[in-house]
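Data block below; observations after.
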Amino acid sequence: MKTLVDQLSNYADYHRDPRNIFTHYLGVPMIMFAVIVLLARLELARIAGFPVSLALPAALAAAVYYWRLDARYGLFMTALLAVMLALAAALAAQPLGSWLAWGLGLFGLGWVIQFLGHYYEGRKPAFFDDVMGLLIGPLFVAAELGFALGLRKEVQAAVELRSGPVRRREMLKA
């Protein structure tokens, strides 16, 4: 299995423009939440009266993967997934049209934002070359947010050693 730095560096290779990274702060969580919303309507069973949807095993599988890469990021991503699952369950209980509008609307808008960012980057999205990019994207956003807050400097340094630093805005004008 690839390491945390391997995965983040592979993804970072496609994301060095700060405008692209910014669009990912918006688009990736929208897409992630939309997928959970859409899966939340597909009920697998009821346990103690509570519906268990396809969103739960999908979120658990993602959380386990994030934990295997890194405990601190795994904890953050698990908490984020738990919040998204709770919100998605409420949306999945809405009438069909409302549920679909939220799920498909967020999904579509998220991808429009993503492709705008990749226009600035001048590069296709990472998942075009490696489908794991779809799972690493949310982790990358969490890591980049942490880096912006001064957290996990050792991870940031390792990623930048492999992929280079995020381009500064002055460099973008040249």
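Residues in the structure tokens are named by chain (A, B, ... in the order shown) and by number from 1 within that chain; ligands are numbered from 1 in the order shown.
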Tell me which protein, DNA and RNA residues are within 12 Å of Ile21 (chain A), counting only C-alpha atoms, leaving out same-chain ones fewer than 2 positions away, and put them as a CSV table (one decimal) with C-alpha atoms, in the first residue's frame.
```csv
chain,number,residue,atom,x,y,z
A,11,TYR,CA,-2.3,14.0,-6.0
A,12,ALA,CA,-0.3,17.2,-5.4
A,13,ASP,CA,1.4,16.8,-8.8
A,14,TYR,CA,-1.9,17.8,-10.3
A,15,HIS,CA,-2.5,20.6,-7.8
A,16,ARG,CA,0.2,23.3,-7.5
A,17,ASP,CA,-1.9,26.3,-8.6
A,18,PRO,CA,-3.4,28.1,-5.5
A,19,ARG,CA,-6.6,28.8,-7.5
A,23,THR,CA,-11.6,25.4,-5.9
A,24,HIS,CA,-10.9,22.1,-4.3
A,25,TYR,CA,-11.8,23.5,-0.9
A,26,LEU,CA,-15.3,24.1,-2.3
A,27,GLY,CA,-15.8,21.4,-4.9
A,28,VAL,CA,-14.4,18.3,-3.3
A,113,ILE,CA,-16.0,24.1,-9.6
A,114,GLN,CA,-13.3,21.3,-9.9
A,115,PHE,CA,-13.0,21.7,-13.7
A,116,LEU,CA,-12.7,25.4,-13.3
A,117,GLY,CA,-9.7,24.9,-11.0
A,118,HIS,CA,-8.1,22.5,-13.4
A,119,TYR,CA,-8.5,25.1,-16.2
A,120,TYR,CA,-6.3,27.4,-14.0
A,121,GLU,CA,-3.9,24.5,-13.3
A,125,PRO,CA,-7.8,16.0,-12.7
A,137,GLY,CA,-9.0,14.2,-3.1
A,138,PRO,CA,-10.9,14.8,0.2
A,140,PHE,CA,-5.7,16.3,0.1
A,141,VAL,CA,-8.2,19.1,0.9
A,142,ALA,CA,-7.9,18.3,4.6
A,143,ALA,CA,-4.1,18.2,4.4
A,144,GLU,CA,-3.9,21.5,2.4
A,145,LEU,CA,-6.2,23.1,4.9
A,147,PHE,CA,-0.9,23.1,5.9
A,148,ALA,CA,-2.5,26.6,5.6
A,166,VAL,CA,2.4,25.5,-4.4
A,167,ARG,CA,3.0,28.2,-7.0
A,168,ARG,CA,2.8,31.8,-5.6
```
Pick out the closest residue to Trp111 (chain A) from this set: A:Gly146, A:Phe50, A:Leu134, A:Ala88. Count only C-alpha atoms.
-> A:Leu134
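Within 9 Å of region 52-63 of chain A there are A:Val35, A:Ile36, A:Val37, A:Leu38, A:Leu39, A:Ala40, A:Arg41, A:Leu42, A:Glu43, A:Leu44, A:Ala45, A:Arg46, A:Ile47, A:Phe50, A:Tyr65, A:Tyr66, A:Trp67, A:Arg68, A:Gly74, A:Leu75, A:Met77, A:Thr78, A:Leu81, A:Ala82, A:Leu85, A:Ala88, A:Ala89, A:Leu135, counting only C-alpha atoms and ignoring same-chain residues fewer than 2 positions away.
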Selection: 7 Å around Leu106 (chain A), only C-alpha atoms, excl. self and same-chain fewer than 5 positions, as a PyMOL selection string = chain A and resi 30-31+34
Go ahead and write the residues just picked, C-alpha atoms, as an mmCIF file, in the first residue's frame.
```
data_model
loop_
_atom_site.group_PDB
_atom_site.id
_atom_site.type_symbol
_atom_site.label_atom_id
_atom_site.label_comp_id
_atom_site.auth_asym_id
_atom_site.auth_seq_id
_atom_site.Cartn_x
_atom_site.Cartn_y
_atom_site.Cartn_z
ATOM 1 C CA MET A 30 -19.554 19.182 -2.244
ATOM 2 C CA ILE A 31 -18.898 16.065 -4.333
ATOM 3 C CA ALA A 34 -23.335 14.569 -2.683
#
```
Point-to-point distance from CA of Leu161 (chain A) to CA of Lys2 (chain A), Å rounded to tenths =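 Taking CA of Leu161 (chain A) and CA of Lys2 (chain A), their separation equals 16.8 Å.
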Would you please extract all strand (DSSP E or B) residues from chain A, as assigned by DSSP on the backbone, and give them as a VMD selection string?
-> chain A and resid 43 to 47 50 to 53
Requested write-out: N, CA and C atoms of the selected residues, as a PDB file, in the first residue's frame:
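Output file result.pdb is given in full below:
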```pdb
ATOM      1  N   GLU A  43     -31.369   2.104   1.297  1.00  0.00           N
ATOM      2  CA  GLU A  43     -31.409   1.428   2.594  1.00  0.00           C
ATOM      3  C   GLU A  43     -31.084  -0.052   2.442  1.00  0.00           C
ATOM      4  N   LEU A  44     -30.166  -0.526   3.281  1.00  0.00           N
ATOM      5  CA  LEU A  44     -29.766  -1.931   3.279  1.00  0.00           C
ATOM      6  C   LEU A  44     -30.526  -2.720   4.340  1.00  0.00           C
ATOM      7  N   ALA A  45     -30.732  -2.094   5.482  1.00  0.00           N
ATOM      8  CA  ALA A  45     -31.380  -2.778   6.606  1.00  0.00           C
ATOM      9  C   ALA A  45     -31.839  -1.724   7.609  1.00  0.00           C
ATOM     10  N   ARG A  46     -32.516  -2.215   8.642  1.00  0.00           N
ATOM     11  CA  ARG A  46     -32.880  -1.375   9.786  1.00  0.00           C
ATOM     12  C   ARG A  46     -32.336  -2.053  11.030  1.00  0.00           C
ATOM     13  N   ILE A  47     -31.627  -1.279  11.828  1.00  0.00           N
ATOM     14  CA  ILE A  47     -31.084  -1.800  13.078  1.00  0.00           C
ATOM     15  C   ILE A  47     -31.644  -0.947  14.201  1.00  0.00           C
ATOM     16  N   PHE A  50     -33.407   2.110  13.164  1.00  0.00           N
ATOM     17  CA  PHE A  50     -32.691   3.118  12.390  1.00  0.00           C
ATOM     18  C   PHE A  50     -32.292   2.550  11.030  1.00  0.00           C
ATOM     19  N   PRO A  51     -32.496   3.329   9.970  1.00  0.00           N
ATOM     20  CA  PRO A  51     -32.108   2.846   8.643  1.00  0.00           C
ATOM     21  C   PRO A  51     -30.586   2.810   8.489  1.00  0.00           C
ATOM     22  N   VAL A  52     -30.114   1.745   7.876  1.00  0.00           N
ATOM     23  CA  VAL A  52     -28.693   1.618   7.535  1.00  0.00           C
ATOM     24  C   VAL A  52     -28.631   1.625   6.014  1.00  0.00           C
ATOM     25  N   SER A  53     -28.009   2.654   5.487  1.00  0.00           N
ATOM     26  CA  SER A  53     -27.965   2.815   4.032  1.00  0.00           C
ATOM     27  C   SER A  53     -26.611   2.399   3.482  1.00  0.00           C
TER      28      SER A  53
END
```
Residues of chain A in helix (DSSP H, G or I), written as a ChimeraX atom specification = /A:4-12,18-40,55-69,71-92,96-121,126-128,133-148,153-163,169-173
Interatomic distance (Å, one decimal) between CA of Val131 (chain A) and CA of Phe33 (chain A) =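 CA of Phe33 (chain A) lies at a distance of 18.3 Å from CA of Val131 (chain A).
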